[in-house]
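Quick notes on the structure that follows.
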Amino acid sequence: MTLQQVYKKAYDKLQQNAQVQETCAFDLSCLFEHMLGVSRYRLPLIGNQEADEAKARVFFSLCKRYEAGEPLQYLIGEWEFYGLPFSVGEGVLIPRPDTETLVETALALLKDVKRPVVADLCSGSGCVAIAIAHERPDAQVFALELSDAAFPYLIGNISRNHAKVTALHHDVRTPPALPALDLVVSNPPYIPREEMDTLQIQVTHEPEMALFGGEDGYDFYRELPKLYLPLLKKDGAIAFEVGYNQAQTVKQLLLSSGYTDINTQKDLAGIVRVVSGRKL
Ligand code: GLN
């Protein structure tokens, strides 16, 4: 089969599956490039070349898994976040573009701080900690992650990106001994019980531990601000990613935990995605 025929066969098959989302042409081209090494820009130019049979076979099997609901990012084994590559797979949350808003907020909060000390809580793949460390080579960044499945990804991504990040295999609910912090940043699990049953099939493949935020989704927002207030320097800041409808409640929780200067940031979709505050 030619490259074009391989692509077309997979595309036609996906089109028959009503479950598959609109992004399937893009996703398919990612899988195709991953397995056959040809980008969607080059396919029209060299599509009549013969495809490697063994690679085509693996490509079709990945398409089948994609069709059955496995996330594209797990099938490829890596994903980009803030322009950096991250290894991902079963057991670790896939970095999302929404979370880039949290990195931008963190960088803005650190703008006037020299050699900042930062803790990223519930670090997962390490995308937030590593992006901050990449943008601020003078920072000392700690990344805390409890999950045994996610922790090796965190370690691997730190070394893959040559990031100056210290990974701590640790429960964020019992803060470790850390130097005084300029910033606490976190994208904690925040999905409430009632929404756990309505997740897209791809998301159900991701670790519940990274998604489920307790009955009402606010467990981490209730606990972490209080726990980490004593670890922050004066004027130190805290910034959380929040779910699409959680900003108002998280603002209140930060206020009642003793923070001031509460601010919010919208993501690219216009959803209020980040809530931050400062210690007086
Ligand atoms: N943004 C993720 C989702 O809704 C949830 C991540 C989280 O709970 N921190 O799929």
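Chain lettering (A, B, ...) mirrors the order of the structure tokens, residue numbering begins at 1 for each chain separately, and ligand numbering begins at 1 in order of display.
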Listing only residues of chain A within 6 Å of ligand 1, what is the closest atom pair and its distance in Å (to one decimal) for each, using only C-alpha atoms and all ligand atoms, sorted by chain and residue number ascending, as a Markdown table?
| residue | atom | partner | partner_atom_place_in_ligand_line | distance |
| --- | --- | --- | --- | --- |
| A:Asn187 | CA | ligand 1 | 9 (N) | 5.0 |
| A:Pro188 | CA | ligand 1 | 9 (N) | 4.7 |
| A:Pro189 | CA | ligand 1 | 8 (O) | 3.6 |
| A:Tyr190 | CA | ligand 1 | 8 (O) | 4.2 |
| A:Ile191 | CA | ligand 1 | 8 (O) | 5.3 |
| A:Ala210 | CA | ligand 1 | 8 (O) | 5.8 |
| A:Leu211 | CA | ligand 1 | 8 (O) | 3.7 |
Counting only C-alpha atoms, what is within 6 Å of range 150-167 of chain A, bar same-chain residues fewer than 2 positions away, as a ChimeraX atom specification?
/A:86,91-92,124-126,130,141-143,147-148
Which residue, A:Leu229, A:Ile94, A:Val118, A:Ile132, has the smallest gap to Leu255 in chain A when you use only C-alpha atoms?
A:Leu229
Please provide as a list in words all residues within 9 Å of Gln4 in chain A, with the sequence filter that same-chain residues fewer than 5 positions apart are discarded (counting only C-alpha atoms).
Lys9, Leu43, Pro44, Ile46, Gly47, Asn48, Gln49, Glu50 and Ala51 of chain A
Keeping only all heavy atoms, take the residues you just selected and write them out as an mmCIF file, in the first residue's frame.
data_model
loop_
_atom_site.group_PDB
_atom_site.id
_atom_site.type_symbol
_atom_site.label_atom_id
_atom_site.label_comp_id
_atom_site.auth_asym_id
_atom_site.auth_seq_id
_atom_site.Cartn_x
_atom_site.Cartn_y
_atom_site.Cartn_z
ATOM 1 N N LYS A 9 -7.305 4.691 4.228
ATOM 2 C CA LYS A 9 -7.994 3.532 4.802
ATOM 3 C C LYS A 9 -8.326 3.806 6.279
ATOM 4 O O LYS A 9 -9.449 3.569 6.732
ATOM 5 C CB LYS A 9 -7.106 2.286 4.672
ATOM 6 C CG LYS A 9 -7.748 1.035 5.211
ATOM 7 C CD LYS A 9 -6.952 -0.200 4.874
ATOM 8 C CE LYS A 9 -7.436 -1.363 5.729
ATOM 9 N NZ LYS A 9 -6.642 -2.559 5.535
ATOM 10 N N LEU A 43 2.569 14.593 3.321
ATOM 11 C CA LEU A 43 1.806 13.481 2.743
ATOM 12 C C LEU A 43 1.360 13.741 1.299
ATOM 13 O O LEU A 43 1.511 12.872 0.440
ATOM 14 C CB LEU A 43 0.613 13.138 3.653
ATOM 15 C CG LEU A 43 -0.159 11.891 3.263
ATOM 16 C CD1 LEU A 43 0.738 10.661 3.241
ATOM 17 C CD2 LEU A 43 -1.334 11.665 4.218
ATOM 18 N N PRO A 44 0.831 14.966 1.001
ATOM 19 C CA PRO A 44 0.421 15.195 -0.391
ATOM 20 C C PRO A 44 1.592 15.094 -1.378
ATOM 21 O O PRO A 44 1.392 14.791 -2.550
ATOM 22 C CB PRO A 44 -0.122 16.628 -0.371
ATOM 23 C CG PRO A 44 -0.419 16.910 1.063
ATOM 24 C CD PRO A 44 0.540 16.106 1.866
ATOM 25 N N ILE A 46 4.496 13.121 -0.999
ATOM 26 C CA ILE A 46 5.149 11.807 -1.155
ATOM 27 C C ILE A 46 4.182 10.649 -0.911
ATOM 28 O O ILE A 46 4.597 9.520 -0.684
ATOM 29 C CB ILE A 46 6.374 11.680 -0.212
ATOM 30 C CG1 ILE A 46 5.949 11.825 1.248
ATOM 31 C CG2 ILE A 46 7.455 12.685 -0.556
ATOM 32 C CD1 ILE A 46 7.020 11.345 2.217
ATOM 33 N N GLY A 47 2.874 10.980 -0.974
ATOM 34 C CA GLY A 47 1.838 9.980 -0.667
ATOM 35 C C GLY A 47 1.864 8.755 -1.568
ATOM 36 O O GLY A 47 1.340 7.702 -1.196
ATOM 37 N N ASN A 48 2.453 8.879 -2.755
ATOM 38 C CA ASN A 48 2.444 7.710 -3.660
ATOM 39 C C ASN A 48 3.613 6.767 -3.404
ATOM 40 O O ASN A 48 3.756 5.755 -4.087
ATOM 41 C CB ASN A 48 2.387 8.146 -5.132
ATOM 42 C CG ASN A 48 3.515 9.099 -5.465
ATOM 43 O OD1 ASN A 48 4.304 9.423 -4.572
ATOM 44 N ND2 ASN A 48 3.598 9.538 -6.711
ATOM 45 N N GLN A 49 4.446 7.085 -2.417
ATOM 46 C CA GLN A 49 5.527 6.145 -2.066
ATOM 47 C C GLN A 49 4.956 4.957 -1.291
ATOM 48 O O GLN A 49 3.961 5.086 -0.575
ATOM 49 C CB GLN A 49 6.589 6.841 -1.196
ATOM 50 C CG GLN A 49 7.420 7.835 -1.980
ATOM 51 C CD GLN A 49 8.452 8.521 -1.092
ATOM 52 O OE1 GLN A 49 8.705 8.107 0.032
ATOM 53 N NE2 GLN A 49 9.041 9.588 -1.621
ATOM 54 N N GLU A 50 5.647 3.849 -1.408
ATOM 55 C CA GLU A 50 5.211 2.627 -0.736
ATOM 56 C C GLU A 50 5.388 2.788 0.788
ATOM 57 O O GLU A 50 6.406 3.310 1.244
ATOM 58 C CB GLU A 50 6.090 1.487 -1.254
ATOM 59 C CG GLU A 50 5.472 0.124 -1.411
ATOM 60 C CD GLU A 50 4.044 0.034 -1.866
ATOM 61 O OE1 GLU A 50 3.583 0.804 -2.754
ATOM 62 O OE2 GLU A 50 3.360 -0.837 -1.304
ATOM 63 N N ALA A 51 4.395 2.349 1.573
ATOM 64 C CA ALA A 51 4.506 2.428 3.035
ATOM 65 C C ALA A 51 5.208 1.177 3.567
ATOM 66 O O ALA A 51 5.018 0.090 3.012
ATOM 67 C CB ALA A 51 3.125 2.547 3.658
#
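Nearest residue to Glu208 in chain A, choosing from A:Glu195, A:Asp267, A:Glu241, A:Glu135 and counting only C-alpha atoms: A:Glu195.
CA of Gly213 in chain A lies 21.6 Å from CA of Tyr259 in chain A.
Minimum atom-to-atom distance to Tyr218 in chain A, evaluated using only C-alpha atoms, belongs to A:Gln252 out of A:Ser29, A:Ser123, A:Thr2, A:Gln252.
Our summary of the geometry notes that CA of Arg222 in chain A is positioned 20.2 Å from CA of Thr99 in chain A.
The nearest approach to Leu168 in chain A among the residues A:Ala269, A:Val250, A:Cys122, A:Leu75, with only C-alpha atoms taken into account, belongs to A:Cys122.
Proximity of A:Phe32, A:Leu109, A:Arg115, A:Val203 to Ile76 in chain A, computed with only C-alpha atoms, is greatest for A:Phe32.
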Please return, as a ChimeraX atom specification, all residues of range 153-227 of chain A that DSSP assigns to strand (DSSP E or B) on the basis of the backbone.
/A:165-169,181-186,191,212
Go ahead and write the selection's residues with all heavy atoms as a CSV table (one decimal), in the first residue's frame.
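Below is the file out-v2.csv, written as the result:
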chain,number,residue,atom,x,y,z
A,165,VAL,N,14.8,21.1,38.5
A,165,VAL,CA,13.6,20.8,39.4
A,165,VAL,C,13.9,19.6,40.3
A,165,VAL,O,14.5,18.6,39.9
A,165,VAL,CB,12.4,20.4,38.5
A,165,VAL,CG1,11.2,20.0,39.4
A,165,VAL,CG2,12.0,21.6,37.6
A,166,THR,N,13.6,19.8,41.6
A,166,THR,CA,13.8,18.7,42.5
A,166,THR,C,12.5,18.0,42.7
A,166,THR,O,11.5,18.6,43.2
A,166,THR,CB,14.2,19.3,43.9
A,166,THR,OG1,15.4,20.1,43.7
A,166,THR,CG2,14.6,18.2,44.9
A,167,ALA,N,12.4,16.7,42.4
A,167,ALA,CA,11.2,15.9,42.5
A,167,ALA,C,11.1,15.3,43.9
A,167,ALA,O,12.1,14.7,44.4
A,167,ALA,CB,11.1,14.8,41.4
A,168,LEU,N,10.0,15.4,44.5
A,168,LEU,CA,9.8,14.8,45.8
A,168,LEU,C,8.5,13.9,45.8
A,168,LEU,O,7.4,14.3,45.4
A,168,LEU,CB,9.5,15.9,46.9
A,168,LEU,CG,10.6,17.0,47.0
A,168,LEU,CD1,10.2,18.1,47.9
A,168,LEU,CD2,11.9,16.3,47.6
A,169,HIS,N,8.8,12.6,46.1
A,169,HIS,CA,7.7,11.6,46.1
A,169,HIS,C,7.0,11.8,47.4
A,169,HIS,O,7.4,11.2,48.4
A,169,HIS,CB,8.4,10.2,46.0
A,169,HIS,CG,7.4,9.2,45.5
A,169,HIS,ND1,7.8,7.9,45.2
A,169,HIS,CD2,6.1,9.2,45.3
A,169,HIS,CE1,6.8,7.2,44.8
A,169,HIS,NE2,5.7,8.0,44.9
A,181,LEU,N,9.1,29.8,50.7
A,181,LEU,CA,8.7,29.8,49.3
A,181,LEU,C,8.2,31.2,48.9
A,181,LEU,O,7.6,31.9,49.6
A,181,LEU,CB,7.5,28.8,49.2
A,181,LEU,CG,7.8,27.4,49.5
A,181,LEU,CD1,6.5,26.5,49.6
A,181,LEU,CD2,8.8,26.8,48.5
A,182,ASP,N,8.5,31.5,47.6
A,182,ASP,CA,8.0,32.7,47.0
A,182,ASP,C,6.7,32.4,46.3
A,182,ASP,O,5.9,33.3,46.1
A,182,ASP,CB,9.0,33.2,45.9
A,182,ASP,CG,10.2,33.7,46.6
A,182,ASP,OD1,10.2,34.8,47.2
A,182,ASP,OD2,11.3,33.1,46.5
A,183,LEU,N,6.5,31.1,45.9
A,183,LEU,CA,5.3,30.8,45.2
A,183,LEU,C,4.9,29.3,45.4
A,183,LEU,O,5.8,28.4,45.3
A,183,LEU,CB,5.5,31.0,43.6
A,183,LEU,CG,4.3,30.6,42.7
A,183,LEU,CD1,3.1,31.5,43.0
A,183,LEU,CD2,4.7,30.7,41.3
A,184,VAL,N,3.6,29.1,45.6
A,184,VAL,CA,3.1,27.7,45.6
A,184,VAL,C,2.1,27.7,44.4
A,184,VAL,O,1.3,28.6,44.2
A,184,VAL,CB,2.3,27.4,46.9
A,184,VAL,CG1,1.5,26.2,46.7
A,184,VAL,CG2,3.2,27.3,48.1
A,185,VAL,N,2.3,26.7,43.6
A,185,VAL,CA,1.5,26.6,42.3
A,185,VAL,C,0.9,25.2,42.3
A,185,VAL,O,1.6,24.2,42.7
A,185,VAL,CB,2.4,27.0,41.1
A,185,VAL,CG1,3.4,25.9,40.8
A,185,VAL,CG2,1.6,27.3,39.9
A,186,SER,N,-0.3,25.0,41.8
A,186,SER,CA,-0.9,23.7,41.8
A,186,SER,C,-2.0,23.6,40.8
A,186,SER,O,-2.9,24.5,40.7
A,186,SER,CB,-1.4,23.3,43.2
A,186,SER,OG,-1.9,22.0,43.2
A,191,ILE,N,-12.2,17.5,40.0
A,191,ILE,CA,-13.5,17.1,39.5
A,191,ILE,C,-14.4,16.5,40.6
A,191,ILE,O,-14.0,15.7,41.3
A,191,ILE,CB,-13.3,16.1,38.3
A,191,ILE,CG1,-12.5,16.9,37.2
A,191,ILE,CG2,-14.7,15.6,37.8
A,191,ILE,CD1,-12.3,16.0,36.0
A,212,PHE,N,-10.1,13.3,40.5
A,212,PHE,CA,-11.2,13.4,41.5
A,212,PHE,C,-10.8,14.3,42.7
A,212,PHE,O,-9.9,14.0,43.4
A,212,PHE,CB,-11.5,12.0,42.0
A,212,PHE,CG,-12.6,11.9,43.0
A,212,PHE,CD1,-13.8,12.6,42.8
A,212,PHE,CD2,-12.4,11.2,44.2
A,212,PHE,CE1,-14.8,12.5,43.7
A,212,PHE,CE2,-13.4,11.2,45.1
A,212,PHE,CZ,-14.6,11.8,44.9
Picked from range 18-255 of chain A by DSSP as helix (DSSP H, G or I), as a PyMOL selection string
chain A and resi 24-36+43-46+53-67+72-76+97-109+127-135+151-160+193-196+201-204+208-211+219-231+247-255
Between CA of Thr260 in chain A and CA of Asp216 in chain A, what is the distance in Å, rounded to a tenth?
24.2 Å
Residues within 7 Å of range 242-244 of chain A, only C-alpha atoms, excluding chain neighbours under 4 positions, as an MDAnalysis selection string:
chainID A and resid 190 271:274
Can you pull out the residues contacting range 58-60 of chain A? Cut-off 8 Å, using only C-alpha atoms, and skip same-chain residues under 3 positions away; I want them as number ranges by chain.
A: 10, 31-32, 35-36, 54-55, 63-64
